[in-house]
>>> print(open('input-v4.pdb').read())   # PDB, C-alpha atoms and all ligand atoms
ATOM      1  CA  MET A   1      84.869  97.152 117.160  1.00  0.00           C
ATOM      2  CA  ALA A   2      87.973  98.500 118.869  1.00  0.00           C
ATOM      3  CA  GLY A   3      91.280  98.640 117.054  1.00  0.00           C
ATOM      4  CA  ARG A   4      91.565  97.791 113.416  1.00  0.00           C
ATOM      5  CA  CYS A   5      94.417  95.584 112.361  1.00  0.00           C
ATOM      6  CA  HIS A   6      96.016  96.852 109.153  1.00  0.00           C
ATOM      7  CA  VAL A   7      98.488  95.270 106.739  1.00  0.00           C
ATOM      8  CA  ILE A   8     100.834  97.321 104.519  1.00  0.00           C
ATOM      9  CA  LEU A   9     101.971  96.083 101.102  1.00  0.00           C
ATOM     10  CA  ILE A  10     105.328  97.493 100.018  1.00  0.00           C
ATOM     11  CA  GLY A  11     106.893  96.816  96.636  1.00  0.00           C
ATOM     12  CA  PRO A  12     107.959  98.713  93.544  1.00  0.00           C
ATOM     13  CA  GLN A  13     105.532  99.627  90.795  1.00  0.00           C
ATOM     14  CA  GLY A  14     104.816  96.480  88.806  1.00  0.00           C
ATOM     15  CA  SER A  15     105.646  94.100  91.660  1.00  0.00           C
ATOM     16  CA  GLY A  16     102.032  92.894  91.687  1.00  0.00           C
ATOM     17  CA  LYS A  17     100.701  94.730  94.745  1.00  0.00           C
ATOM     18  CA  GLY A  18      97.337  95.506  93.138  1.00  0.00           C
ATOM     19  CA  THR A  19      96.953  92.032  91.638  1.00  0.00           C
ATOM     20  CA  GLN A  20      97.786  90.299  94.904  1.00  0.00           C
ATOM     21  CA  ALA A  21      95.745  92.679  97.051  1.00  0.00           C
ATOM     22  CA  ALA A  22      92.644  91.908  95.001  1.00  0.00           C
ATOM     23  CA  ARG A  23      93.194  88.170  95.664  1.00  0.00           C
ATOM     24  CA  ILE A  24      94.100  88.182  99.340  1.00  0.00           C
ATOM     25  CA  ALA A  25      92.023  90.976 100.876  1.00  0.00           C
ATOM     26  CA  ALA A  26      88.676  89.163 101.156  1.00  0.00           C
ATOM     27  CA  PRO A  27      90.027  85.791 102.401  1.00  0.00           C
ATOM     28  CA  LEU A  28      91.913  87.645 105.124  1.00  0.00           C
ATOM     29  CA  GLY A  29      88.937  89.845 106.066  1.00  0.00           C
ATOM     30  CA  LEU A  30      90.772  92.993 104.981  1.00  0.00           C
ATOM     31  CA  VAL A  31      89.627  95.802 102.697  1.00  0.00           C
ATOM     32  CA  HIS A  32      91.949  96.779  99.839  1.00  0.00           C
ATOM     33  CA  VAL A  33      92.798 100.493 100.057  1.00  0.00           C
ATOM     34  CA  ALA A  34      95.073 101.701  97.237  1.00  0.00           C
ATOM     35  CA  THR A  35      95.980 105.393  97.209  1.00  0.00           C
ATOM     36  CA  GLY A  36      96.731 105.151  93.449  1.00  0.00           C
ATOM     37  CA  ASP A  37      93.171 103.871  92.853  1.00  0.00           C
ATOM     38  CA  LEU A  38      91.771 106.644  95.065  1.00  0.00           C
ATOM     39  CA  PHE A  39      93.663 109.204  92.947  1.00  0.00           C
ATOM     40  CA  ARG A  40      92.541 107.651  89.655  1.00  0.00           C
ATOM     41  CA  GLN A  41      88.963 107.884  90.882  1.00  0.00           C
ATOM     42  CA  LEU A  42      89.449 111.457  92.059  1.00  0.00           C
ATOM     43  CA  MET A  43      90.966 112.491  88.691  1.00  0.00           C
ATOM     44  CA  THR A  44      87.724 111.621  86.899  1.00  0.00           C
ATOM     45  CA  ARG A  45      86.309 114.798  88.474  1.00  0.00           C
ATOM     46  CA  ASP A  46      86.728 118.225  86.938  1.00  0.00           C
ATOM     47  CA  ASP A  47      87.852 120.438  89.817  1.00  0.00           C
ATOM     48  CA  ASP A  48      90.974 122.094  91.234  1.00  0.00           C
ATOM     49  CA  LEU A  49      91.957 119.118  93.399  1.00  0.00           C
ATOM     50  CA  ALA A  50      91.669 116.722  90.435  1.00  0.00           C
ATOM     51  CA  ARG A  51      93.837 119.036  88.293  1.00  0.00           C
ATOM     52  CA  GLU A  52      96.427 119.355  91.068  1.00  0.00           C
ATOM     53  CA  VAL A  53      96.649 115.570  91.530  1.00  0.00           C
ATOM     54  CA  ARG A  54      96.900 115.019  87.758  1.00  0.00           C
ATOM     55  CA  SER A  55      99.876 117.370  87.470  1.00  0.00           C
ATOM     56  CA  TYR A  56     101.925 115.078  89.734  1.00  0.00           C
ATOM     57  CA  TYR A  57     100.384 111.767  88.709  1.00  0.00           C
ATOM     58  CA  ASP A  58     101.021 112.067  84.958  1.00  0.00           C
ATOM     59  CA  ARG A  59     104.696 112.867  85.527  1.00  0.00           C
ATOM     60  CA  GLY A  60     105.099 109.868  87.807  1.00  0.00           C
ATOM     61  CA  GLU A  61     105.788 112.098  90.823  1.00  0.00           C
ATOM     62  CA  LEU A  62     104.421 111.691  94.319  1.00  0.00           C
ATOM     63  CA  VAL A  63     101.329 113.721  95.138  1.00  0.00           C
ATOM     64  CA  PRO A  64     102.091 116.022  98.143  1.00  0.00           C
ATOM     65  CA  ASP A  65     101.894 114.268 101.521  1.00  0.00           C
ATOM     66  CA  ASP A  66      99.129 116.467 102.964  1.00  0.00           C
ATOM     67  CA  VAL A  67      96.809 115.832 100.012  1.00  0.00           C
ATOM     68  CA  THR A  68      97.575 112.087 100.072  1.00  0.00           C
ATOM     69  CA  LEU A  69      96.928 111.763 103.809  1.00  0.00           C
ATOM     70  CA  ARG A  70      93.610 113.605 103.485  1.00  0.00           C
ATOM     71  CA  VAL A  71      92.477 111.304 100.676  1.00  0.00           C
ATOM     72  CA  LEU A  72      93.514 108.205 102.638  1.00  0.00           C
ATOM     73  CA  LEU A  73      91.811 109.337 105.861  1.00  0.00           C
ATOM     74  CA  SER A  74      88.589 110.142 104.119  1.00  0.00           C
ATOM     75  CA  ARG A  75      88.547 106.579 102.716  1.00  0.00           C
ATOM     76  CA  LEU A  76      89.271 105.063 106.147  1.00  0.00           C
ATOM     77  CA  ASP A  77      86.466 107.164 107.664  1.00  0.00           C
ATOM     78  CA  GLU A  78      84.136 106.037 104.921  1.00  0.00           C
ATOM     79  CA  LEU A  79      84.973 102.384 105.711  1.00  0.00           C
ATOM     80  CA  GLU A  80      84.252 102.931 109.415  1.00  0.00           C
ATOM     81  CA  ARG A  81      80.773 104.123 108.493  1.00  0.00           C
ATOM     82  CA  ALA A  82      80.049 101.606 105.747  1.00  0.00           C
ATOM     83  CA  MET A  83      81.598  98.469 107.293  1.00  0.00           C
ATOM     84  CA  PRO A  84      81.600  98.791 111.095  1.00  0.00           C
ATOM     85  CA  ASN A  85      82.933  95.219 111.493  1.00  0.00           C
ATOM     86  CA  TYR A  86      85.830  95.242 109.064  1.00  0.00           C
ATOM     87  CA  ARG A  87      89.073  93.840 110.418  1.00  0.00           C
ATOM     88  CA  GLY A  88      91.468  96.320 108.851  1.00  0.00           C
ATOM     89  CA  ALA A  89      92.803  97.796 105.637  1.00  0.00           C
ATOM     90  CA  LEU A  90      95.236  96.230 103.225  1.00  0.00           C
ATOM     91  CA  LEU A  91      97.194  99.381 102.414  1.00  0.00           C
ATOM     92  CA  ASP A  92      98.625  99.362  98.900  1.00  0.00           C
ATOM     93  CA  GLY A  93     100.760 102.328  97.863  1.00  0.00           C
ATOM     94  CA  TYR A  94     100.801 104.022 101.271  1.00  0.00           C
ATOM     95  CA  PRO A  95     103.125 104.928 102.948  1.00  0.00           C
ATOM     96  CA  ARG A  96     105.640 105.797 100.243  1.00  0.00           C
ATOM     97  CA  ASN A  97     108.149 107.881 102.215  1.00  0.00           C
ATOM     98  CA  ARG A  98     109.325 108.425 105.770  1.00  0.00           C
ATOM     99  CA  SER A  99     107.039 111.331 106.553  1.00  0.00           C
ATOM    100  CA  GLN A 100     104.003 109.355 105.358  1.00  0.00           C
ATOM    101  CA  ALA A 101     105.062 106.406 107.542  1.00  0.00           C
ATOM    102  CA  GLU A 102     105.344 108.686 110.576  1.00  0.00           C
ATOM    103  CA  ALA A 103     101.991 110.318 109.794  1.00  0.00           C
ATOM    104  CA  LEU A 104     100.421 106.860 109.510  1.00  0.00           C
ATOM    105  CA  ASP A 105     101.817 105.845 112.903  1.00  0.00           C
ATOM    106  CA  ARG A 106     100.290 108.958 114.485  1.00  0.00           C
ATOM    107  CA  VAL A 107      96.929 108.519 112.828  1.00  0.00           C
ATOM    108  CA  LEU A 108      96.666 104.823 113.710  1.00  0.00           C
ATOM    109  CA  GLN A 109      97.680 105.482 117.287  1.00  0.00           C
ATOM    110  CA  ASP A 110      94.935 108.106 117.610  1.00  0.00           C
ATOM    111  CA  ARG A 111      92.420 105.578 116.341  1.00  0.00           C
ATOM    112  CA  GLY A 112      93.662 102.728 118.561  1.00  0.00           C
ATOM    113  CA  ASP A 113      94.617 100.718 115.451  1.00  0.00           C
ATOM    114  CA  THR A 114      97.734  98.603 114.821  1.00  0.00           C
ATOM    115  CA  ILE A 115      99.926  97.554 111.896  1.00  0.00           C
ATOM    116  CA  ALA A 116      99.915  93.746 111.986  1.00  0.00           C
ATOM    117  CA  ALA A 117     102.524  93.252 109.252  1.00  0.00           C
ATOM    118  CA  VAL A 118     104.311  94.776 106.287  1.00  0.00           C
ATOM    119  CA  VAL A 119     104.412  92.506 103.242  1.00  0.00           C
ATOM    120  CA  HIS A 120     107.426  93.235 101.037  1.00  0.00           C
ATOM    121  CA  LEU A 121     107.109  92.083  97.412  1.00  0.00           C
ATOM    122  CA  ALA A 122     110.574  91.956  95.837  1.00  0.00           C
ATOM    123  CA  VAL A 123     111.035  91.889  92.030  1.00  0.00           C
ATOM    124  CA  PRO A 124     114.154  92.755  89.938  1.00  0.00           C
ATOM    125  CA  ARG A 125     114.049  96.098  88.065  1.00  0.00           C
ATOM    126  CA  ALA A 126     114.323  94.579  84.550  1.00  0.00           C
ATOM    127  CA  VAL A 127     111.237  92.445  85.202  1.00  0.00           C
ATOM    128  CA  LEU A 128     109.342  95.482  86.508  1.00  0.00           C
ATOM    129  CA  ILE A 129     110.011  97.497  83.353  1.00  0.00           C
ATOM    130  CA  GLU A 130     108.804  94.613  81.197  1.00  0.00           C
ATOM    131  CA  ARG A 131     105.630  94.270  83.266  1.00  0.00           C
ATOM    132  CA  LEU A 132     104.824  97.990  83.413  1.00  0.00           C
ATOM    133  CA  SER A 133     105.310  98.737  79.740  1.00  0.00           C
ATOM    134  CA  GLY A 134     102.728  96.072  78.752  1.00  0.00           C
ATOM    135  CA  ARG A 135     100.219  96.834  81.479  1.00  0.00           C
ATOM    136  CA  LEU A 136      96.572  97.583  80.604  1.00  0.00           C
ATOM    137  CA  ILE A 137      93.893  98.650  83.060  1.00  0.00           C
ATOM    138  CA  CYS A 138      90.136  98.815  83.045  1.00  0.00           C
ATOM    139  CA  PRO A 139      89.075 102.431  83.648  1.00  0.00           C
ATOM    140  CA  GLN A 140      85.705 101.217  84.890  1.00  0.00           C
ATOM    141  CA  CYS A 141      86.420  98.463  87.453  1.00  0.00           C
ATOM    142  CA  GLY A 142      90.190  98.770  87.983  1.00  0.00           C
ATOM    143  CA  ALA A 143      91.077  95.217  86.826  1.00  0.00           C
ATOM    144  CA  THR A 144      94.618  94.947  85.426  1.00  0.00           C
ATOM    145  CA  TYR A 145      95.972  92.958  82.482  1.00  0.00           C
ATOM    146  CA  HIS A 146      99.216  92.578  80.543  1.00  0.00           C
ATOM    147  CA  ARG A 147      99.453  92.508  76.743  1.00  0.00           C
ATOM    148  CA  VAL A 148     101.649  89.374  76.856  1.00  0.00           C
ATOM    149  CA  PHE A 149     101.594  87.822  80.346  1.00  0.00           C
ATOM    150  CA  ALA A 150      97.897  88.232  81.261  1.00  0.00           C
ATOM    151  CA  PRO A 151      95.886  89.231  78.187  1.00  0.00           C
ATOM    152  CA  PRO A 152      92.097  89.669  78.389  1.00  0.00           C
ATOM    153  CA  ARG A 153      89.936  86.987  76.739  1.00  0.00           C
ATOM    154  CA  VAL A 154      88.786  89.472  74.071  1.00  0.00           C
ATOM    155  CA  GLU A 155      91.556  91.809  72.913  1.00  0.00           C
ATOM    156  CA  GLY A 156      91.186  95.294  74.353  1.00  0.00           C
ATOM    157  CA  LEU A 157      88.141  94.531  76.525  1.00  0.00           C
ATOM    158  CA  CYS A 158      87.826  93.895  80.261  1.00  0.00           C
ATOM    159  CA  ASP A 159      86.888  90.293  81.135  1.00  0.00           C
ATOM    160  CA  GLN A 160      84.926  91.453  84.154  1.00  0.00           C
ATOM    161  CA  CYS A 161      82.866  94.395  82.914  1.00  0.00           C
ATOM    162  CA  GLY A 162      83.474  94.630  79.155  1.00  0.00           C
ATOM    163  CA  ALA A 163      84.860  98.194  79.189  1.00  0.00           C
ATOM    164  CA  ALA A 164      87.633  99.170  76.742  1.00  0.00           C
ATOM    165  CA  LEU A 165      91.058  98.743  78.367  1.00  0.00           C
ATOM    166  CA  VAL A 166      93.566 101.618  78.448  1.00  0.00           C
ATOM    167  CA  GLN A 167      97.224 102.107  79.273  1.00  0.00           C
ATOM    168  CA  ARG A 168      97.774 104.113  82.451  1.00  0.00           C
ATOM    169  CA  THR A 169      98.835 107.702  81.744  1.00  0.00           C
ATOM    170  CA  ASP A 170     101.890 107.173  83.996  1.00  0.00           C
ATOM    171  CA  ASP A 171     103.003 103.947  82.296  1.00  0.00           C
ATOM    172  CA  THR A 172     105.181 105.836  79.777  1.00  0.00           C
ATOM    173  CA  PRO A 173     108.929 104.972  79.689  1.00  0.00           C
ATOM    174  CA  GLU A 174     109.938 108.308  81.316  1.00  0.00           C
ATOM    175  CA  ALA A 175     107.319 108.118  84.077  1.00  0.00           C
ATOM    176  CA  ILE A 176     108.111 104.425  84.724  1.00  0.00           C
ATOM    177  CA  ALA A 177     111.812 105.232  85.205  1.00  0.00           C
ATOM    178  CA  ARG A 178     110.977 108.152  87.499  1.00  0.00           C
ATOM    179  CA  ARG A 179     108.580 106.088  89.599  1.00  0.00           C
ATOM    180  CA  LEU A 180     111.091 103.255  90.046  1.00  0.00           C
ATOM    181  CA  ASP A 181     113.782 105.764  91.067  1.00  0.00           C
ATOM    182  CA  THR A 182     111.425 107.353  93.585  1.00  0.00           C
ATOM    183  CA  TYR A 183     110.668 103.909  94.976  1.00  0.00           C
ATOM    184  CA  GLU A 184     114.367 103.120  95.462  1.00  0.00           C
ATOM    185  CA  GLN A 185     115.140 106.484  97.042  1.00  0.00           C
ATOM    186  CA  GLN A 186     112.088 107.119  99.207  1.00  0.00           C
ATOM    187  CA  THR A 187     110.017 103.966  99.684  1.00  0.00           C
ATOM    188  CA  ALA A 188     112.533 101.103  99.920  1.00  0.00           C
ATOM    189  CA  PRO A 189     114.209 102.709 102.998  1.00  0.00           C
ATOM    190  CA  LEU A 190     110.890 102.286 104.846  1.00  0.00           C
ATOM    191  CA  LEU A 191     111.560  98.564 104.966  1.00  0.00           C
ATOM    192  CA  GLU A 192     114.309  99.227 107.490  1.00  0.00           C
ATOM    193  CA  TYR A 193     111.918 101.447 109.498  1.00  0.00           C
ATOM    194  CA  TYR A 194     109.453  98.555 109.785  1.00  0.00           C
ATOM    195  CA  ARG A 195     112.090  95.800 109.994  1.00  0.00           C
ATOM    196  CA  GLN A 196     113.316  97.289 113.262  1.00  0.00           C
ATOM    197  CA  ARG A 197     109.814  96.694 114.620  1.00  0.00           C
ATOM    198  CA  GLY A 198     109.818  93.076 113.405  1.00  0.00           C
ATOM    199  CA  LEU A 199     106.920  93.678 111.024  1.00  0.00           C
ATOM    200  CA  VAL A 200     108.360  92.815 107.603  1.00  0.00           C
ATOM    201  CA  LEU A 201     107.458  89.609 105.748  1.00  0.00           C
ATOM    202  CA  ASP A 202     109.679  89.231 102.643  1.00  0.00           C
ATOM    203  CA  ILE A 203     107.995  87.594  99.644  1.00  0.00           C
ATOM    204  CA  ASP A 204     109.600  86.700  96.302  1.00  0.00           C
ATOM    205  CA  GLY A 205     107.335  88.500  93.808  1.00  0.00           C
ATOM    206  CA  ASN A 206     109.163  87.071  90.794  1.00  0.00           C
ATOM    207  CA  GLN A 207     107.158  83.816  90.688  1.00  0.00           C
ATOM    208  CA  PRO A 208     103.852  82.819  89.049  1.00  0.00           C
ATOM    209  CA  ILE A 209     100.898  84.825  90.371  1.00  0.00           C
ATOM    210  CA  ASP A 210      99.296  81.881  92.229  1.00  0.00           C
ATOM    211  CA  GLU A 211     102.540  81.032  93.996  1.00  0.00           C
ATOM    212  CA  VAL A 212     102.985  84.611  95.168  1.00  0.00           C
ATOM    213  CA  THR A 213      99.397  84.621  96.492  1.00  0.00           C
ATOM    214  CA  GLN A 214     100.024  81.382  98.360  1.00  0.00           C
ATOM    215  CA  ALA A 215     103.258  82.676  99.842  1.00  0.00           C
ATOM    216  CA  ILE A 216     101.573  85.841 101.100  1.00  0.00           C
ATOM    217  CA  LEU A 217      98.613  83.975 102.601  1.00  0.00           C
ATOM    218  CA  SER A 218     100.883  81.473 104.370  1.00  0.00           C
ATOM    219  CA  ALA A 219     102.960  84.293 105.818  1.00  0.00           C
ATOM    220  CA  LEU A 220     100.026  86.458 106.899  1.00  0.00           C
ATOM    221  CA  GLU A 221      97.511  83.987 108.287  1.00  0.00           C
ATOM    222  CA  PRO A 222      99.468  83.183 111.461  1.00  0.00           C
ATOM    223  CA  VAL A 223     100.177  86.871 112.065  1.00  0.00           C
ATOM    224  CA  LEU A 224      96.536  87.910 111.731  1.00  0.00           C
ATOM    225  CA  GLY A 225      95.486  85.056 114.005  1.00  0.00           C
ATOM    226  CA  ASP A 226      97.948  86.070 116.737  1.00  0.00           C
ATOM    227  CA  PRO A 227      96.244  88.248 119.352  1.00  0.00           C
ATOM    228  CA  ALA A 228      99.611  89.738 120.336  1.00  0.00           C
ATOM    229  CA  ARG A 229     100.050  91.100 116.808  1.00  0.00           C
ATOM    230  CA  CYS A 230      96.474  91.783 115.951  1.00  0.00           C
ATOM    231  CA  ARG A 231      94.259  92.901 118.782  1.00  0.00           C
ATOM    232  CA  SER A 232      91.054  92.742 116.816  1.00  0.00           C
ATOM    233  CA  SER A 233      91.464  89.105 115.848  1.00  0.00           C
TER     234      SER A 233
HETATM  235  P1  LIG A 301     100.185 103.506  92.062  1.00  0.00           P
HETATM  236  O1  LIG A 301      98.882 103.162  91.440  1.00  0.00           O
HETATM  237  O2  LIG A 301     100.320 103.035  93.473  1.00  0.00           O
HETATM  238  O3  LIG A 301     101.373 103.161  91.214  1.00  0.00           O
HETATM  239  O4  LIG A 301     100.206 105.127  92.173  1.00  0.00           O
HETATM  240  C1  LIG A 301     100.101 105.926  91.020  1.00  0.00           C
HETATM  241  C2  LIG A 301     100.447 107.370  91.337  1.00  0.00           C
HETATM  242  O5  LIG A 301      99.560 107.888  92.333  1.00  0.00           O
HETATM  243  C3  LIG A 301     101.850 107.607  91.900  1.00  0.00           C
HETATM  244  O6  LIG A 301     102.856 107.660  90.902  1.00  0.00           O
HETATM  245  C4  LIG A 301     101.655 108.968  92.577  1.00  0.00           C
HETATM  246  O7  LIG A 301     101.573 110.037  91.630  1.00  0.00           O
HETATM  247  C5  LIG A 301     100.259 108.787  93.193  1.00  0.00           C
HETATM  248  N1  LIG A 301     100.333 108.170  94.539  1.00  0.00           N
HETATM  249  C6  LIG A 301      99.843 106.957  94.919  1.00  0.00           C
HETATM  250  N2  LIG A 301     100.089 106.721  96.218  1.00  0.00           N
HETATM  251  C7  LIG A 301     100.781 107.803  96.668  1.00  0.00           C
HETATM  252  C8  LIG A 301     101.353 108.154  97.921  1.00  0.00           C
HETATM  253  N3  LIG A 301     101.285 107.335  98.991  1.00  0.00           N
HETATM  254  N4  LIG A 301     101.994 109.345  98.009  1.00  0.00           N
HETATM  255  C9  LIG A 301     102.070 110.191  96.971  1.00  0.00           C
HETATM  256  N5  LIG A 301     101.587 109.908  95.752  1.00  0.00           N
HETATM  257  C10 LIG A 301     100.936 108.732  95.593  1.00  0.00           C
END
>>> encode(input="input-v4.pdb", output="C-alpha cells", more="lines below")
Ligand code: AMP
Amino acid sequence: MAGRCHVILIGPQGSGKGTQAARIAAPLGLVHVATGDLFRQLMTRDDDLAREVRSYYDRGELVPDDVTLRVLLSRLDELERAMPNYRGALLDGYPRNRSQAEALDRVLQDRGDTIAAVVHLAVPRAVLIERLSGRLICPQCGATYHRVFAPPRVEGLCDQCGAALVQRTDDTPEAIARRLDTYEQQTAPLLEYYRQRGLVLDIDGNQPIDEVTQAILSALEPVLGDPARCRSS
C-alpha cells in the first residue's frame, strides 16, 4: 500500500498520551508506536546500547537523536514487514525536538508517507506532577495505572496479565521536573512548527479519560477520512 498516513501525539509527560493511544489506535486503524516503550523494551537487554540508553533514561534526559531515530525506524520497518496493510503509526513521544521533527519529515518524505495530524494534549503542570508521582506500570504488558486515580483491581498487580506493578525508574521527583522542563523548552515549540502547516488539533487533556478519548476521536475521524489529508484513506 502506498503512503502511510501517520498521526503524532504531542503532550507533556503525564498528559495521557499512552493511555489515549492504547484506546484510539485500533479504532482508527493506526498502530501505537511509543519511543519510550521501545526504549523500555530495549533496556531489558544486557548490552552496550541498553546501558547507553539507560544512562539518559534514568536521569529523565533525552536519548541522543541518532539512537532514537534508529530505534524508531527499525520499528517502522518491522511494521511494514509484519502488517503490510496498516494505515499508519500513532507516534507517541516522537518527535521531541526540532531536529527530530526535521528528521521525521525527511524520513517520511523518502517513504512517500504523510503526517495527517498532530494531536496536542494540554494539561496544567500541577496536574501532571500529581499524575506522574502516583503512576504505576506493568513491566510485562505496558499497561499503566495510578495509585489514586486508576488503581488496579488487586493492589500491586496488573489487571490484564497479573504481573507485579512497578514505578517507572524516571518517575522520581527530580527526573519528573527535568522531563517537564525539557518538554517546555524543546518539545512544546514543535507545536508552532506543525501549526504553521495546519496540522494541530488541540485537545483539553484535563478531563475524564473517556471524554478525552471522545474528543480525540471526533477530531481525528474527519481528518483520516479526508483524502486530501490522508492519501492512504
Ligand atoms: P516516555 O515514555 O515517552 O515518557 O519516554 C521516557 C524516556 O525515554 C524519556 O525521558 C527519554 O529518556 C526517552 N525517550 C523517549 N522518546 C524519546 C525521544 N523522542 N527522544 C529522546 N529520548 C526519548
>>> resolve_selection(input="input-v4.pdb", expression="the PyMOL selection byres (((chain A and resi 131) around 12) and not hetatm)", output="list in words")
Pro12, Gln13, Gly14, Ser15, Gly16, Val123, Pro124, Arg125, Ala126, Val127, Leu128, Ile129, Glu130, Leu132, Ser133, Gly134, Arg135, Leu136, Thr144, Tyr145, His146, Arg147, Val148, Phe149, Ala150, Asp171, Pro173, Ile176 and Asn206 of chain A
>>> resolve_selection(input="input-v4.pdb", expression="the PyMOL selection byres (((not hetatm)) within 6 of (chain A and resi 301))", output="PyMOL selection string")
chain A and resi 13+35-37+56-57+60-64+68+93-96
>>> closest_residue(input="input-v4.pdb", among="A:Leu72, A:Ile10, A:Cys230, A:Ile115", to="A:Glu184", atoms="only C-alpha atoms")
A:Ile10
>>> atom_distance(input="input-v4.pdb", atom1="atom CA of A:Glu221", atom2="atom CA of A:Leu90")
13.4 Å
>>> atom_distance(input="input-v4.pdb", atom1="atom CA of A:Thr114", atom2="atom CA of A:Pro227")
11.4 Å
>>> resolve_selection(input="input-v4.pdb", expression="the PyMOL selection byres (((chain A and resi 117) around 10) and not hetatm)", output="ChimeraX atom specification")
/A:5-9,90,114-116,118-120,194-195,197-201,219-220,223-224,229-230
>>> write_last_selection(input="input-v4.pdb", atoms="C-alpha atoms", output="CSV table (one decimal), in the coordinates of the input")
chain,number,residue,atom,x,y,z
A,5,CYS,CA,94.4,95.6,112.4
A,6,HIS,CA,96.0,96.9,109.2
A,7,VAL,CA,98.5,95.3,106.7
A,8,ILE,CA,100.8,97.3,104.5
A,9,LEU,CA,102.0,96.1,101.1
A,90,LEU,CA,95.2,96.2,103.2
A,114,THR,CA,97.7,98.6,114.8
A,115,ILE,CA,99.9,97.6,111.9
A,116,ALA,CA,99.9,93.7,112.0
A,118,VAL,CA,104.3,94.8,106.3
A,119,VAL,CA,104.4,92.5,103.2
A,120,HIS,CA,107.4,93.2,101.0
A,194,TYR,CA,109.5,98.6,109.8
A,195,ARG,CA,112.1,95.8,110.0
A,197,ARG,CA,109.8,96.7,114.6
A,198,GLY,CA,109.8,93.1,113.4
A,199,LEU,CA,106.9,93.7,111.0
A,200,VAL,CA,108.4,92.8,107.6
A,201,LEU,CA,107.5,89.6,105.7
A,219,ALA,CA,103.0,84.3,105.8
A,220,LEU,CA,100.0,86.5,106.9
A,223,VAL,CA,100.2,86.9,112.1
A,224,LEU,CA,96.5,87.9,111.7
A,229,ARG,CA,100.0,91.1,116.8
A,230,CYS,CA,96.5,91.8,116.0
>>> atom_distance(input="input-v4.pdb", atom1="atom CA of A:Gln207", atom2="atom CA of A:Ala164")
28.5 Å
>>> closest_residue(input="input-v4.pdb", among="A:Glu155, A:Pro222, A:Arg75, A:Arg4", to="A:Asp113", atoms="only C-alpha atoms")
A:Arg4
>>> residues_around(input="input-v4.pdb", residues="A:Ile137", least_positions_apart="6", cutoff="8 Å", atoms="all atoms listed in the file", output="short mmCIF file (atom, residue, chain, number, x, y, z; two decimals) with C-alpha atoms, in the frame of the given file")
data_model
loop_
_atom_site.label_atom_id
_atom_site.label_comp_id
_atom_site.auth_asym_id
_atom_site.auth_seq_id
_atom_site.Cartn_x
_atom_site.Cartn_y
_atom_site.Cartn_z
CA ALA A 143 91.08 95.22 86.83
CA THR A 144 94.62 94.95 85.43
CA TYR A 145 95.97 92.96 82.48
CA LEU A 165 91.06 98.74 78.37
CA VAL A 166 93.57 101.62 78.45
CA GLN A 167 97.22 102.11 79.27
CA ARG A 168 97.77 104.11 82.45
#
>>> closest_residue(input="input-v4.pdb", among="A:Gly3, A:Pro139, A:Pro27, A:Gly11", to="A:Leu217", atoms="all atoms listed in the file")
A:Pro27
>>> closest_residue(input="input-v4.pdb", among="A:Leu69, A:Asn85, A:Gln41, A:Arg178", to="A:Arg106", atoms="only C-alpha atoms")
A:Leu69
>>> residues_near_point(input="input-v4.pdb", point="(88.0, 104.5, 106.7)", cutoff="12 Å", atoms="all atoms listed in the file", output="PyMOL selection string")
chain A and resi 4+6+30-33+69-91+107-108+111+113
